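This report concerns only the one structure given below.
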Amino acid sequence: MKKEKKISLVFLFLCLSLAFSQESTPVLKNLSSDTGLIISDSITKLIIHNSSGDIANDLVQEISLIDRQQNTEGYNKSINLIEKKAKEFGLDELKVEYYKSDGETSYFGDAPQMTWKVKKGELFVNTPYYYKLTSYKELPMSLVVNSYSKDTIADLVDIGQGKDSDYINKDIKGNIVLTSKSPYTVLNKAVWEKGAIGIISSYTTPYWDKSNRQEGDYQDQVGWTYMPTVENKEKQSFAFMISNRRANELKSQLSRGKVSLQVNVDTTLEPDEFGIVSGIIKGSKFPDEEIIITSHIDHYKPGANDNASGSAVSLEIIRTFKKLIDENKIQQPLRTIRFLWLPEFTGTKAWFSRHLKDKNKKLLFNINLDMLGANLKKSNSFFNITYTPDWNPSYINAFSASILDFVNTFNNSKYPKRKDYHIISLTGSRNHINAGIERYTRGSDHQIFNDFGIPGIAYSTWPDNFYHSSEDTPDKVDATQLHRVVFIGMANIIMAAYADEDNSVDIINLVEMYGKKRLEEDKFESRKYLLSSNENKKKTFYFASQIINCAYKREIETLKTCLQFSNNRKVNKIISHKIEQYNLEKSSALKDLASLVTINNDDVNKNYNLSEKELKANKIIPNKFSDKRLNSFYSTYGQIKEDEDKYVKIQSEIEKLLSVLREREVGELRIYEFEDIILSYANGKNTIIDIQNALFAAYKIIVPTQTLLDIFDVLKHAEVIFYNNK
């Protein structure tokens, strides 16, 4: 008995020792010589080998079976699936919030939310041969959202791209038109003006993806788009999407004679509401400080990479976190991690409009998970993280860059020596990842957070040969790619969620290290601009110097964001010292830049004199009204119905700038909604000339002062912004 008791006590001691050693393992530490991360090596390995791309891939398959377009009947089915899985994985405070026009969301105004419900959507060729072209039941995305009911037989008329010349000598009224353009773009002329009853379209490629693929590159792709709702019954129509191959078959038949189509569409529009799934992993020490993870769940069926993949990655992050916490392999995070699944853009704005009334919550930053799982070789894709915009700096940029450096080191060969840091899945590829981090781009929910002043970064695989088409299917998704993104997301979250005062100096040093790396790139860009420009050297130097000025301002402000983790005297002193060093470096960089040109005056910035208009603009400081931070330029313009001449003038000037940027091969998502990018700089600190300089530093293009004045005058008129005088 004594021997058994002794063995039991020894066993109990070993268990307690093991538990204590697990709980006492620090999550964060100083920079690892193995990984280059401030995460403990043991924790890094735990994340890699307890997370699963295979489980995430199974979730992609399941989500992809649902047609989950927003404002359709299937959307809330997908919400129910996400809620079920999040509950199974142990997410805390899980709930579905429902939104409609309830007075809470200024974004939606007074218009009721309508759900589009489909009983039937079928399209047949009736003559010269009877056969099925497409149907909603088999390919839901082929029936364009907001198509109205129609049961008829009508002739087909080819209108090509829908140019004026395409309608000459063609009988459109009462017939169905065939076009290669988006139904939305031909609706006004073909249906509302000329009386066509419906549209068949082979459009596949949105304008922002034209640099990656063109119409007809993939003959069997069916594109995805939408139509507006209309109350006037005479204007109500329908549209079907077909592949380029199918369209060519129809054209061939038309060349030989008449083609008639049989249409049977039975749909309704009904007042409804949409759901947003929300849940948390609660912080133990700072529960009111929240890291927000967003994934838009809305999309057509299948929509595998976009965005079943992002939704699945969120779920797998939760499963892995809860598993490690429940097994006492990692402590509860200090800060709260909130997960949201919602409709892209509209859902985020709706959530903001309701939850920013809670003054007790502090939203730290957003990680937006959108298009993450594409097989990089099949889809012609690269995995990228976007920096926050320069006007909204954050330590999260350095965290992200350090993680990508680690992942690239150990995942750009098929058989690396360090198997413990190789992130692959059982059913996945061994593709090289070649991940990158790039300047701020827009085009998903992170832009809403940034526009509201909360730092947001985006994860995505882009470009994608199958984006917004019927070929965005689960077979194009790679379990290994999903696994790697799960790790990257968890590592990013962990750095912020577990950091405390003891880690603050390590974080500051990491931020400075990656800040200096970015500064070298900016210095190079300033020299390149100065030496390649043929304009007046004084003006050229002035703007080249703005690249350096704005870059150092960004890195100084980034250092200050580290005060979130500690604000004691020691940390403040370290940051103040580093800021002093940055200012000295900036002076040296400007002198180095000046040495490239012949300017006699040492104070080279004074050699370029602002015009009278620019001097006036340099005294105007635009600032957003706090309750109008969700308003965009275009929605504002529609509300106030400003005179058409000013709108045309602004549009013309912006289009000139965008044309130049496009010639330089600047991506469309980098310049997406450029007027709203300009609005984002209105923070109550920047003058209009400061904004002009910052835009130049970011985009290497001079936005005319008058264009900036016109844009801000429109926004002031609409009471979205107000002016402070310097």
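Numbering starts fresh at 1 for the residues of each chain in the structure tokens, the chains themselves are lettered A, B, ... in the order given, and ligands are numbered from 1 as they appear.
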- Item | Residues within 12 Å of A:Asp420, only C-alpha atoms, excluding chain neighbours under 3 positions, as a PyMOL selection string | chain A and resi 34-35+41-50+407+410-411+415-417+423-424
Which of stretch 396-586 of chain A counts as alpha helix (DSSP H) under DSSP, as an mmCIF file with N, CA and C atoms, in the first residue's frame please?
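Okay, out_0.cif is ready:
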```cif
data_model
loop_
_atom_site.group_PDB
_atom_site.id
_atom_site.type_symbol
_atom_site.label_atom_id
_atom_site.label_comp_id
_atom_site.auth_asym_id
_atom_site.auth_seq_id
_atom_site.Cartn_x
_atom_site.Cartn_y
_atom_site.Cartn_z
ATOM 1 N N ILE A 396 0.930 46.319 -36.447
ATOM 2 C CA ILE A 396 0.498 45.090 -37.105
ATOM 3 C C ILE A 396 1.239 44.880 -38.425
ATOM 4 N N ASN A 397 1.719 45.957 -39.055
ATOM 5 C CA ASN A 397 2.478 45.815 -40.298
ATOM 6 C C ASN A 397 3.795 45.070 -40.067
ATOM 7 N N ALA A 398 4.499 45.434 -39.012
ATOM 8 C CA ALA A 398 5.770 44.758 -38.703
ATOM 9 C C ALA A 398 5.519 43.309 -38.285
ATOM 10 N N PHE A 399 4.464 43.079 -37.506
ATOM 11 C CA PHE A 399 4.113 41.711 -37.137
ATOM 12 C C PHE A 399 3.936 40.869 -38.404
ATOM 13 N N SER A 400 3.158 41.408 -39.350
ATOM 14 C CA SER A 400 2.846 40.674 -40.583
ATOM 15 C C SER A 400 4.103 40.395 -41.392
ATOM 16 N N ALA A 401 4.953 41.409 -41.537
ATOM 17 C CA ALA A 401 6.172 41.251 -42.335
ATOM 18 C C ALA A 401 7.091 40.186 -41.737
ATOM 19 N N SER A 402 7.205 40.159 -40.421
ATOM 20 C CA SER A 402 8.090 39.173 -39.778
ATOM 21 C C SER A 402 7.543 37.754 -39.966
ATOM 22 N N ILE A 403 6.237 37.607 -39.921
ATOM 23 C CA ILE A 403 5.626 36.283 -40.109
ATOM 24 C C ILE A 403 5.835 35.796 -41.539
ATOM 25 N N LEU A 404 5.655 36.685 -42.523
ATOM 26 C CA LEU A 404 5.862 36.288 -43.914
ATOM 27 C C LEU A 404 7.320 35.917 -44.164
ATOM 28 N N ASP A 405 8.259 36.634 -43.548
ATOM 29 C CA ASP A 405 9.674 36.271 -43.683
ATOM 30 C C ASP A 405 9.909 34.844 -43.178
ATOM 31 N N PHE A 406 9.305 34.523 -42.053
ATOM 32 C CA PHE A 406 9.442 33.171 -41.495
ATOM 33 C C PHE A 406 8.837 32.124 -42.428
ATOM 34 N N VAL A 407 7.602 32.362 -42.881
ATOM 35 C CA VAL A 407 6.909 31.384 -43.726
ATOM 36 C C VAL A 407 7.668 31.175 -45.034
ATOM 37 N N ASN A 408 8.166 32.254 -45.629
ATOM 38 C CA ASN A 408 8.936 32.123 -46.876
ATOM 39 C C ASN A 408 10.226 31.327 -46.670
ATOM 40 N N THR A 409 10.867 31.518 -45.548
ATOM 41 C CA THR A 409 12.135 30.836 -45.281
ATOM 42 C C THR A 409 11.979 29.322 -45.283
ATOM 43 N N PHE A 410 10.895 28.841 -44.700
ATOM 44 C CA PHE A 410 10.750 27.396 -44.505
ATOM 45 C C PHE A 410 9.720 26.749 -45.437
ATOM 46 N N HIS A 446 -11.570 45.354 -44.965
ATOM 47 C CA HIS A 446 -10.539 46.079 -44.211
ATOM 48 C C HIS A 446 -10.566 47.568 -44.523
ATOM 49 N N GLN A 447 -11.018 47.933 -45.752
ATOM 50 C CA GLN A 447 -11.045 49.354 -46.102
ATOM 51 C C GLN A 447 -12.059 50.109 -45.250
ATOM 52 N N ILE A 448 -13.147 49.436 -44.835
ATOM 53 C CA ILE A 448 -14.146 50.090 -43.974
ATOM 54 C C ILE A 448 -13.514 50.423 -42.628
ATOM 55 N N PHE A 449 -12.747 49.484 -42.076
ATOM 56 C CA PHE A 449 -12.072 49.733 -40.799
ATOM 57 C C PHE A 449 -11.091 50.892 -40.930
ATOM 58 N N ASN A 450 -10.291 50.881 -41.993
ATOM 59 C CA ASN A 450 -9.331 51.969 -42.175
ATOM 60 C C ASN A 450 -10.026 53.304 -42.358
ATOM 61 N N ASP A 451 -11.098 53.339 -43.151
ATOM 62 C CA ASP A 451 -11.828 54.586 -43.343
ATOM 63 C C ASP A 451 -12.363 55.116 -42.023
ATOM 64 N N ALA A 479 -5.339 22.628 -49.695
ATOM 65 C CA ALA A 479 -5.333 22.488 -48.233
ATOM 66 C C ALA A 479 -4.059 23.053 -47.621
ATOM 67 N N THR A 480 -2.928 22.902 -48.314
ATOM 68 C CA THR A 480 -1.670 23.448 -47.799
ATOM 69 C C THR A 480 -1.716 24.968 -47.722
ATOM 70 N N GLN A 481 -2.258 25.602 -48.754
ATOM 71 C CA GLN A 481 -2.357 27.059 -48.728
ATOM 72 C C GLN A 481 -3.251 27.520 -47.580
ATOM 73 N N LEU A 482 -4.364 26.820 -47.374
ATOM 74 C CA LEU A 482 -5.243 27.139 -46.248
ATOM 75 C C LEU A 482 -4.498 26.993 -44.923
ATOM 76 N N HIS A 483 -3.724 25.917 -44.796
ATOM 77 C CA HIS A 483 -2.975 25.666 -43.565
ATOM 78 C C HIS A 483 -1.998 26.807 -43.279
ATOM 79 N N ARG A 484 -1.292 27.245 -44.310
ATOM 80 C CA ARG A 484 -0.321 28.322 -44.126
ATOM 81 C C ARG A 484 -0.990 29.617 -43.700
ATOM 82 N N VAL A 485 -2.154 29.900 -44.277
ATOM 83 C CA VAL A 485 -2.847 31.142 -43.917
ATOM 84 C C VAL A 485 -3.410 31.056 -42.501
ATOM 85 N N VAL A 486 -3.868 29.869 -42.098
ATOM 86 C CA VAL A 486 -4.306 29.690 -40.708
ATOM 87 C C VAL A 486 -3.155 30.027 -39.761
ATOM 88 N N PHE A 487 -1.968 29.515 -40.067
ATOM 89 C CA PHE A 487 -0.809 29.824 -39.222
ATOM 90 C C PHE A 487 -0.519 31.317 -39.216
ATOM 91 N N ILE A 488 -0.474 31.927 -40.395
ATOM 92 C CA ILE A 488 -0.144 33.356 -40.490
ATOM 93 C C ILE A 488 -1.144 34.181 -39.680
ATOM 94 N N GLY A 489 -2.429 33.835 -39.807
ATOM 95 C CA GLY A 489 -3.450 34.557 -39.052
ATOM 96 C C GLY A 489 -3.288 34.388 -37.554
ATOM 97 N N MET A 490 -3.067 33.153 -37.121
ATOM 98 C CA MET A 490 -2.905 32.904 -35.685
ATOM 99 C C MET A 490 -1.673 33.601 -35.135
ATOM 100 N N ALA A 491 -0.574 33.555 -35.883
ATOM 101 C CA ALA A 491 0.648 34.204 -35.414
ATOM 102 C C ALA A 491 0.447 35.708 -35.273
ATOM 103 N N ASN A 492 -0.228 36.309 -36.235
ATOM 104 C CA ASN A 492 -0.499 37.747 -36.165
ATOM 105 C C ASN A 492 -1.358 38.082 -34.950
ATOM 106 N N ILE A 493 -2.399 37.291 -34.743
ATOM 107 C CA ILE A 493 -3.303 37.521 -33.608
ATOM 108 C C ILE A 493 -2.556 37.349 -32.297
ATOM 109 N N ILE A 494 -1.757 36.287 -32.203
ATOM 110 C CA ILE A 494 -1.070 35.964 -30.951
ATOM 111 C C ILE A 494 -0.118 37.080 -30.536
ATOM 112 N N MET A 495 0.606 37.654 -31.491
ATOM 113 C CA MET A 495 1.557 38.716 -31.146
ATOM 114 C C MET A 495 0.858 39.872 -30.427
ATOM 115 N N ALA A 496 -0.343 40.200 -30.879
ATOM 116 C CA ALA A 496 -1.066 41.320 -30.267
ATOM 117 C C ALA A 496 -1.887 40.882 -29.060
ATOM 118 N N ALA A 497 -2.477 39.691 -29.129
ATOM 119 C CA ALA A 497 -3.407 39.268 -28.078
ATOM 120 C C ALA A 497 -2.706 38.883 -26.782
ATOM 121 N N SER A 504 6.960 44.775 -24.446
ATOM 122 C CA SER A 504 6.847 46.047 -25.168
ATOM 123 C C SER A 504 8.152 46.460 -25.845
ATOM 124 N N VAL A 505 9.285 46.264 -25.186
ATOM 125 C CA VAL A 505 10.563 46.669 -25.792
ATOM 126 C C VAL A 505 10.874 45.798 -27.009
ATOM 127 N N ASP A 506 10.608 44.481 -26.908
ATOM 128 C CA ASP A 506 10.821 43.595 -28.059
ATOM 129 C C ASP A 506 9.945 44.019 -29.236
ATOM 130 N N ILE A 507 8.712 44.411 -28.963
ATOM 131 C CA ILE A 507 7.801 44.849 -30.025
ATOM 132 C C ILE A 507 8.302 46.142 -30.651
ATOM 133 N N ILE A 508 8.748 47.073 -29.816
ATOM 134 C CA ILE A 508 9.274 48.350 -30.332
ATOM 135 C C ILE A 508 10.465 48.094 -31.253
ATOM 136 N N ASN A 509 11.361 47.207 -30.835
ATOM 137 C CA ASN A 509 12.541 46.908 -31.654
ATOM 138 C C ASN A 509 12.152 46.233 -32.975
ATOM 139 N N LEU A 510 11.161 45.341 -32.916
ATOM 140 C CA LEU A 510 10.689 44.689 -34.134
ATOM 141 C C LEU A 510 10.077 45.707 -35.089
ATOM 142 N N VAL A 511 9.251 46.602 -34.549
ATOM 143 C CA VAL A 511 8.614 47.642 -35.368
ATOM 144 C C VAL A 511 9.672 48.541 -36.001
ATOM 145 N N GLU A 512 10.682 48.918 -35.222
ATOM 146 C CA GLU A 512 11.739 49.770 -35.776
ATOM 147 C C GLU A 512 12.524 49.034 -36.861
ATOM 148 N N MET A 513 12.808 47.766 -36.642
ATOM 149 C CA MET A 513 13.599 46.992 -37.597
ATOM 150 C C MET A 513 12.905 46.942 -38.959
ATOM 151 N N TYR A 514 11.619 46.626 -38.959
ATOM 152 C CA TYR A 514 10.890 46.563 -40.231
ATOM 153 C C TYR A 514 10.556 47.956 -40.753
ATOM 154 N N GLY A 515 10.460 48.937 -39.848
ATOM 155 C CA GLY A 515 10.271 50.317 -40.279
ATOM 156 C C GLY A 515 11.467 50.823 -41.069
ATOM 157 N N LYS A 516 12.659 50.495 -40.605
ATOM 158 C CA LYS A 516 13.873 50.926 -41.315
ATOM 159 C C LYS A 516 13.970 50.258 -42.694
ATOM 160 N N LYS A 517 13.486 49.029 -42.775
ATOM 161 C CA LYS A 517 13.479 48.337 -44.062
ATOM 162 C C LYS A 517 12.565 49.060 -45.054
ATOM 163 N N ARG A 518 11.389 49.473 -44.595
ATOM 164 C CA ARG A 518 10.472 50.217 -45.460
ATOM 165 C C ARG A 518 11.044 51.576 -45.838
ATOM 166 N N LEU A 519 11.709 52.217 -44.887
ATOM 167 C CA LEU A 519 12.287 53.538 -45.156
ATOM 168 C C LEU A 519 13.329 53.485 -46.266
ATOM 169 N N GLU A 520 14.098 52.425 -46.311
ATOM 170 C CA GLU A 520 15.091 52.294 -47.383
ATOM 171 C C GLU A 520 14.407 52.205 -48.744
ATOM 172 N N GLU A 521 13.269 51.519 -48.787
ATOM 173 C CA GLU A 521 12.509 51.439 -50.036
ATOM 174 C C GLU A 521 11.989 52.816 -50.436
ATOM 175 N N ASP A 522 11.511 53.589 -49.456
ATOM 176 C CA ASP A 522 10.995 54.927 -49.739
ATOM 177 C C ASP A 522 12.111 55.869 -50.204
ATOM 178 N N LYS A 523 13.280 55.761 -49.598
ATOM 179 C CA LYS A 523 14.413 56.590 -50.024
ATOM 180 C C LYS A 523 14.776 56.278 -51.473
ATOM 181 N N PHE A 524 14.757 55.012 -51.804
ATOM 182 C CA PHE A 524 15.034 54.612 -53.187
ATOM 183 C C PHE A 524 14.008 55.238 -54.138
ATOM 184 N N GLU A 525 12.711 55.179 -53.757
ATOM 185 C CA GLU A 525 11.652 55.735 -54.605
ATOM 186 C C GLU A 525 11.823 57.246 -54.782
ATOM 187 N N SER A 526 12.234 57.935 -53.729
ATOM 188 C CA SER A 526 12.420 59.387 -53.829
ATOM 189 C C SER A 526 13.562 59.716 -54.795
ATOM 190 N N ARG A 527 14.667 58.961 -54.732
ATOM 191 C CA ARG A 527 15.785 59.178 -55.659
ATOM 192 C C ARG A 527 15.366 58.869 -57.096
ATOM 193 N N LYS A 528 14.646 57.761 -57.240
ATOM 194 C CA LYS A 528 14.200 57.348 -58.571
ATOM 195 C C LYS A 528 13.321 58.426 -59.204
ATOM 196 N N TYR A 529 12.400 58.979 -58.413
ATOM 197 C CA TYR A 529 11.521 60.024 -58.942
ATOM 198 C C TYR A 529 12.328 61.263 -59.317
ATOM 199 N N LEU A 530 13.238 61.669 -58.446
ATOM 200 C CA LEU A 530 14.015 62.883 -58.684
ATOM 201 C C LEU A 530 14.865 62.770 -59.944
ATOM 202 N N LEU A 531 15.504 61.640 -60.118
ATOM 203 C CA LEU A 531 16.424 61.472 -61.250
ATOM 204 C C LEU A 531 15.704 61.206 -62.570
ATOM 205 N N SER A 532 14.488 60.672 -62.503
ATOM 206 C CA SER A 532 13.786 60.323 -63.744
ATOM 207 C C SER A 532 12.845 61.416 -64.233
ATOM 208 N N LYS A 537 13.298 71.254 -61.597
ATOM 209 C CA LYS A 537 13.998 70.534 -60.544
ATOM 210 C C LYS A 537 13.581 70.964 -59.144
ATOM 211 N N LYS A 538 13.235 72.249 -58.995
ATOM 212 C CA LYS A 538 12.787 72.707 -57.672
ATOM 213 C C LYS A 538 11.493 72.011 -57.276
ATOM 214 N N LYS A 539 10.554 71.985 -58.224
ATOM 215 C CA LYS A 539 9.273 71.328 -57.961
ATOM 216 C C LYS A 539 9.481 69.819 -57.777
ATOM 217 N N THR A 540 10.327 69.254 -58.609
ATOM 218 C CA THR A 540 10.603 67.820 -58.521
ATOM 219 C C THR A 540 11.212 67.467 -57.177
ATOM 220 N N PHE A 541 12.183 68.296 -56.733
ATOM 221 C CA PHE A 541 12.803 68.023 -55.442
ATOM 222 C C PHE A 541 11.786 68.149 -54.318
ATOM 223 N N TYR A 542 10.935 69.151 -54.422
ATOM 224 C CA TYR A 542 9.914 69.354 -53.393
ATOM 225 C C TYR A 542 9.083 68.083 -53.213
ATOM 226 N N PHE A 543 8.592 67.520 -54.312
ATOM 227 C CA PHE A 543 7.744 66.334 -54.192
ATOM 228 C C PHE A 543 8.548 65.084 -53.860
ATOM 229 N N ALA A 544 9.774 64.985 -54.357
ATOM 230 C CA ALA A 544 10.620 63.847 -53.982
ATOM 231 C C ALA A 544 10.880 63.850 -52.482
ATOM 232 N N SER A 545 11.068 65.052 -51.934
ATOM 233 C CA SER A 545 11.304 65.157 -50.492
ATOM 234 C C SER A 545 10.074 64.767 -49.685
ATOM 235 N N GLN A 546 8.865 64.941 -50.283
ATOM 236 C CA GLN A 546 7.645 64.564 -49.570
ATOM 237 C C GLN A 546 7.569 63.054 -49.353
ATOM 238 N N ILE A 547 8.154 62.292 -50.278
ATOM 239 C CA ILE A 547 8.191 60.838 -50.086
ATOM 240 C C ILE A 547 8.938 60.517 -48.798
ATOM 241 N N ILE A 548 10.070 61.201 -48.594
ATOM 242 C CA ILE A 548 10.872 60.963 -47.390
ATOM 243 C C ILE A 548 10.161 61.511 -46.153
ATOM 244 N N ASN A 549 9.640 62.732 -46.236
ATOM 245 C CA ASN A 549 8.942 63.324 -45.087
ATOM 246 C C ASN A 549 7.789 62.442 -44.618
ATOM 247 N N CYS A 550 6.970 61.999 -45.575
ATOM 248 C CA CYS A 550 5.795 61.200 -45.215
ATOM 249 C C CYS A 550 6.201 59.823 -44.701
ATOM 250 N N ALA A 551 7.277 59.272 -45.241
ATOM 251 C CA ALA A 551 7.736 57.957 -44.794
ATOM 252 C C ALA A 551 8.189 58.007 -43.335
ATOM 253 N N TYR A 552 8.958 59.023 -42.983
ATOM 254 C CA TYR A 552 9.412 59.130 -41.592
ATOM 255 C C TYR A 552 8.252 59.458 -40.650
ATOM 256 N N LYS A 553 7.319 60.255 -41.124
ATOM 257 C CA LYS A 553 6.129 60.527 -40.310
ATOM 258 C C LYS A 553 5.387 59.231 -40.019
ATOM 259 N N ARG A 554 5.242 58.382 -41.054
ATOM 260 C CA ARG A 554 4.558 57.093 -40.880
ATOM 261 C C ARG A 554 5.253 56.238 -39.834
ATOM 262 N N GLU A 555 6.584 56.138 -39.907
ATOM 263 C CA GLU A 555 7.300 55.256 -38.988
ATOM 264 C C GLU A 555 7.335 55.811 -37.565
ATOM 265 N N ILE A 556 7.360 57.120 -37.439
ATOM 266 C CA ILE A 556 7.284 57.724 -36.096
ATOM 267 C C ILE A 556 5.927 57.425 -35.467
ATOM 268 N N GLU A 557 4.869 57.595 -36.254
ATOM 269 C CA GLU A 557 3.532 57.311 -35.739
ATOM 270 C C GLU A 557 3.354 55.823 -35.452
ATOM 271 N N THR A 558 4.019 54.970 -36.242
ATOM 272 C CA THR A 558 3.941 53.525 -35.996
ATOM 273 C C THR A 558 4.558 53.183 -34.648
ATOM 274 N N LEU A 559 5.706 53.783 -34.350
ATOM 275 C CA LEU A 559 6.330 53.553 -33.041
ATOM 276 C C LEU A 559 5.378 53.925 -31.904
ATOM 277 N N LYS A 560 4.655 55.014 -32.076
ATOM 278 C CA LYS A 560 3.744 55.470 -31.024
ATOM 279 C C LYS A 560 2.609 54.481 -30.775
ATOM 280 N N THR A 561 2.243 53.699 -31.813
ATOM 281 C CA THR A 561 1.169 52.717 -31.598
ATOM 282 C C THR A 561 1.600 51.617 -30.635
ATOM 283 N N ARG A 569 7.403 54.933 -18.022
ATOM 284 C CA ARG A 569 8.456 55.914 -18.294
ATOM 285 C C ARG A 569 9.562 55.325 -19.159
ATOM 286 N N LYS A 570 9.926 54.071 -18.896
ATOM 287 C CA LYS A 570 11.006 53.429 -19.649
ATOM 288 C C LYS A 570 10.634 53.322 -21.132
ATOM 289 N N VAL A 571 9.413 52.861 -21.407
ATOM 290 C CA VAL A 571 8.966 52.676 -22.789
ATOM 291 C C VAL A 571 8.870 54.017 -23.494
ATOM 292 N N ASN A 572 8.310 55.009 -22.828
ATOM 293 C CA ASN A 572 8.221 56.342 -23.413
ATOM 294 C C ASN A 572 9.596 56.902 -23.753
ATOM 295 N N LYS A 573 10.544 56.645 -22.874
ATOM 296 C CA LYS A 573 11.904 57.138 -23.099
ATOM 297 C C LYS A 573 12.538 56.457 -24.318
ATOM 298 N N ILE A 574 12.321 55.138 -24.449
ATOM 299 C CA ILE A 574 12.869 54.393 -25.591
ATOM 300 C C ILE A 574 12.279 54.914 -26.894
ATOM 301 N N ILE A 575 10.944 55.100 -26.912
ATOM 302 C CA ILE A 575 10.278 55.577 -28.124
ATOM 303 C C ILE A 575 10.731 56.998 -28.456
ATOM 304 N N SER A 576 10.833 57.850 -27.442
ATOM 305 C CA SER A 576 11.293 59.230 -27.674
ATOM 306 C C SER A 576 12.694 59.244 -28.272
ATOM 307 N N HIS A 577 13.563 58.381 -27.774
ATOM 308 C CA HIS A 577 14.932 58.300 -28.300
ATOM 309 C C HIS A 577 14.920 57.852 -29.758
ATOM 310 N N LYS A 578 14.115 56.861 -30.069
ATOM 311 C CA LYS A 578 14.054 56.363 -31.445
ATOM 312 C C LYS A 578 13.469 57.417 -32.386
ATOM 313 N N ILE A 579 12.515 58.194 -31.900
ATOM 314 C CA ILE A 579 11.949 59.271 -32.716
ATOM 315 C C ILE A 579 13.009 60.330 -33.002
ATOM 316 N N GLU A 580 13.819 60.653 -32.003
ATOM 317 C CA GLU A 580 14.924 61.603 -32.214
ATOM 318 C C GLU A 580 15.874 61.084 -33.291
ATOM 319 N N GLN A 581 16.155 59.789 -33.228
ATOM 320 C CA GLN A 581 17.041 59.184 -34.233
ATOM 321 C C GLN A 581 16.419 59.246 -35.625
ATOM 322 N N TYR A 582 15.121 58.991 -35.692
ATOM 323 C CA TYR A 582 14.420 59.080 -36.976
ATOM 324 C C TYR A 582 14.505 60.491 -37.554
ATOM 325 N N ASN A 583 14.333 61.483 -36.721
ATOM 326 C CA ASN A 583 14.386 62.867 -37.197
ATOM 327 C C ASN A 583 15.782 63.230 -37.711
ATOM 328 N N LEU A 584 16.802 62.727 -37.030
ATOM 329 C CA LEU A 584 18.168 62.949 -37.511
ATOM 330 C C LEU A 584 18.397 62.247 -38.851
ATOM 331 N N GLU A 585 17.885 61.021 -38.944
ATOM 332 C CA GLU A 585 18.014 60.265 -40.196
ATOM 333 C C GLU A 585 17.281 60.969 -41.336
ATOM 334 N N LYS A 586 16.112 61.524 -41.031
ATOM 335 C CA LYS A 586 15.338 62.216 -42.068
ATOM 336 C C LYS A 586 16.112 63.415 -42.601
#
```
- Surrounding residues of stretch 271-283 of chain A excluding itself and chain neighbours under 2 positions, 8 Å, only C-alpha atoms, as a ChimeraX atom specification: /A:70-71,75-76,79,82-83,91-100,112-115,269,285-289,332-343,347,497
- Selection near A:Asp713, 10 Å with only C-alpha atoms, sequence-local residues under 6 positions removed, as a list in words: Pro622, Thr707, Glu719, Ile721, Phe722 and Tyr723 of chain A
Write a file of the selected residues as a compact mmCIF listing (two decimals), in the first residue's frame, keeping N, CA and C atoms.
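Ended up saving to out-v6.txt:
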```txt
# COMPACT_ATOMS: atom_id res chain seq x y z
N PRO A 622 -9.54 69.82 -43.47
CA PRO A 622 -10.82 69.10 -43.46
C PRO A 622 -10.85 68.05 -42.35
N THR A 707 -8.79 70.14 -57.71
CA THR A 707 -9.57 68.90 -57.61
C THR A 707 -9.83 68.54 -56.16
N GLU A 719 -22.24 68.05 -45.40
CA GLU A 719 -22.03 67.98 -43.96
C GLU A 719 -21.42 66.64 -43.52
N ILE A 721 -17.97 66.51 -43.81
CA ILE A 721 -16.78 67.09 -43.20
C ILE A 721 -17.04 68.54 -42.82
N PHE A 722 -16.15 69.08 -42.02
CA PHE A 722 -16.15 70.51 -41.73
C PHE A 722 -14.71 70.99 -41.84
N TYR A 723 -14.52 72.28 -41.94
CA TYR A 723 -13.19 72.85 -42.11
C TYR A 723 -12.70 73.47 -40.81
```
- Task: Write down as a PyMOL selection string the residues belonging to stretch 301-519 of chain A that are assigned strand (DSSP E) by DSSP computed on the backbone.
- Result: chain A and resi 335-342+362-369+382-386+436-438+456-462
- Note on the structure: From the list A:Asp478, A:Thr72, A:Arg213, A:Glu673, the nearest residue to A:Thr427 using only C-alpha atoms is A:Asp478
- Query: When distances are computed from only C-alpha atoms, which of A:Phe633, A:Thr127, A:Trp224, A:Tyr148 shows the smallest separation from A:Lys258?
  - Reply: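 For A:Lys258, the nearest of the candidates is A:Thr127.
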- Tell me, as a PyMOL selection string, which residues lie within 8 Å of stretch 162-169 of chain A, counting only C-alpha atoms; anything in the same chain fewer than 2 positions away does not count. chain A and resi 159-160+171-172+179+181+186+190
- Query: So which one's closest to A:Asp217, A:Lys726, A:His422, A:Ser243, A:Ile199? Using only C-alpha atoms, please.
  - Reply: A:Ser243
- Using only C-alpha atoms, determine which residues lie at most 9 Å from A:Ser444, disregarding the query and same-chain residues fewer than 3 positions distant; provide the list as number ranges by chain. A: 296, 344-345, 368, 370, 441, 447-448, 458
- Query: Within 10 Å of A:His468, counting only C-alpha atoms, which residues qualify if same-chain residues fewer than 5 places away don't, as a list in words?
  - Reply: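 That gives Met141, Thr204, Thr205, Pro206, Asp209, Gln221, Val222, Gly223, Trp224, Thr225, His299, Tyr300, Pro302, Gly303, Asn305 and Asp306 of chain A.
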- Item | Atomic separation - atom CA of A:Gly373 relative to atom CA of A:Asp58, Å |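 Going from atom CA of A:Asp58 over to atom CA of A:Gly373, I get 11.9 Å.
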- Note on the structure: Min atom-atom distance to A:Trp391 from the set A:Ser284, A:Thr185, A:Gln161, A:Asn686, counting only C-alpha atoms, belongs to A:Asn686
